[in-house]
Amino acid sequence: MADPEEAFFYHALNILCRSDYSQINSIRKKFVNWQEAWRELGNHKIDPQEEHLKLEKAGIKIVLRENKDYPALLREIAHPPFGIYFSGKDIKTLKNPAIAIVGTRKATPEGKESARHFAGRLAEGGLSVVSGLALGMDAAAHEGCLDKNGITLAVLPGGLDRVYPRLHENLARRILDAGGALISEYPPGTPIQPYRFLERNRIVSGLARGILVIEAGLRSGSLASARFATEQNRDVFVLPGSVKHPNYKGSNLLIRAGAELVTEPEQILQDWGMLPEENKSEIRSDDELEIVAILQVLLSHKSPLEIDKIAELAKLDTQTVSQALSLLVLTDRINESPLGYSPKK
């Protein structure tokens, strides 16, 4: 375990280096520990103990990579943070089994509802939910988890003294009040920079056993998170959507590249051995019945049908039909045209 005073010196060096990972990494390679590094490189304008007292007053802890409370999964990734800043009631929440849920900031109402549904059900299944507190899908995932009294972790792209975006200050407070946590690799006072969102994404995926992508466009940061997850040997799950909608172009590409397609949260719980045995056959039969109902509707009509019409005839909700149609198109079982969907001849 790291000497508690090591955190003082790491924090001071992190401030001195302005959280430049490559610079901090270079320093760590040259010295036995952070204290020695500070003695050689320290700035007399920064008092390590005084800066640490500021953290304590703000209720922020530092967990160094050598500390037993540092998340084991995060320690395994490429370029793990040398230390993370933590604000929350219980440091042990970092060790809970978790799933990351990510997606576009410009989420559709249906997409946000899917994020809430998945997050809530996965929380009920025993998982913490990790996301980035951003607008759109991130916020919906945090909210869905909280609505089911779950634990959710928000990883910020700046210091913990400033919630970003400011619009989500109340959401951040809800997360803390419910026993969750705010996490960052940056000291308080660190400004938001575009490249820090990418750095943040490796931690979002690194804290979790797997990642669920909901609505990712071709230029979505969620694709970067999925790439990090793949490199970190994490499971990548994707909720499919309409091949016509720009919010699903990146998502559907991930499926084609080998990510696991899911339509219900129970499928993830089943993959991870967290679903009660009595529920397993029910998942498979529900999915199969929906597919069969949709195919029967398409086969009974000579002309292509739009989603709304298929949903009406199959007596299913539009979101379920949209996901099922995407699966059928991706697996080359039906045709899609500007006029709608039709069965393969």
# chains A, B, ... in the order shown; residues from 1 in each chain; ligands from 1
call {"tool": "select_by_dssp", "arguments": {"residues": "segment 82-235 of chain A", "states": "strand (DSSP E or B)", "output": "number ranges by chain"}}
result
A: 83-88, 98-103, 128-131, 152-155, 181-184, 210-214, 235
call {"tool": "residues_around", "arguments": {"residues": "segment 133-142 of chain A", "least_positions_apart": "4", "cutoff": "6 Å", "atoms": "only C-alpha atoms", "output": "JSON, numbers by chain"}}
result
{"A": [102, 103, 104, 105, 106, 107, 112, 115, 116, 119, 154]}
call {"tool": "residues_around", "arguments": {"residues": "Leu223 of chain A", "least_positions_apart": "4", "cutoff": "12 Å", "atoms": "only C-alpha atoms", "output": "ChimeraX atom specification"}}
result
/A:101-104,198,201-202,205,211-219,227-230,236-238,247-255,257,259
call {"tool": "closest_residue", "arguments": {"among": "A:Lys302, A:Glu169, A:Gly241, A:Glu260", "to": "Leu328 of chain A", "atoms": "only C-alpha atoms"}}
result
A:Gly241
call {"tool": "atom_distance", "arguments": {"atom1": "atom CA of Gly83 of chain A", "atom2": "atom CA of Ile62 of chain A"}}
result
6.4 Å
call {"tool": "select_by_dssp", "arguments": {"residues": "segment 16-74 of chain A", "states": "helix (DSSP H, G or I)", "output": "ChimeraX atom specification"}}
result
/A:16,21-30,34-41,48-57,72-74
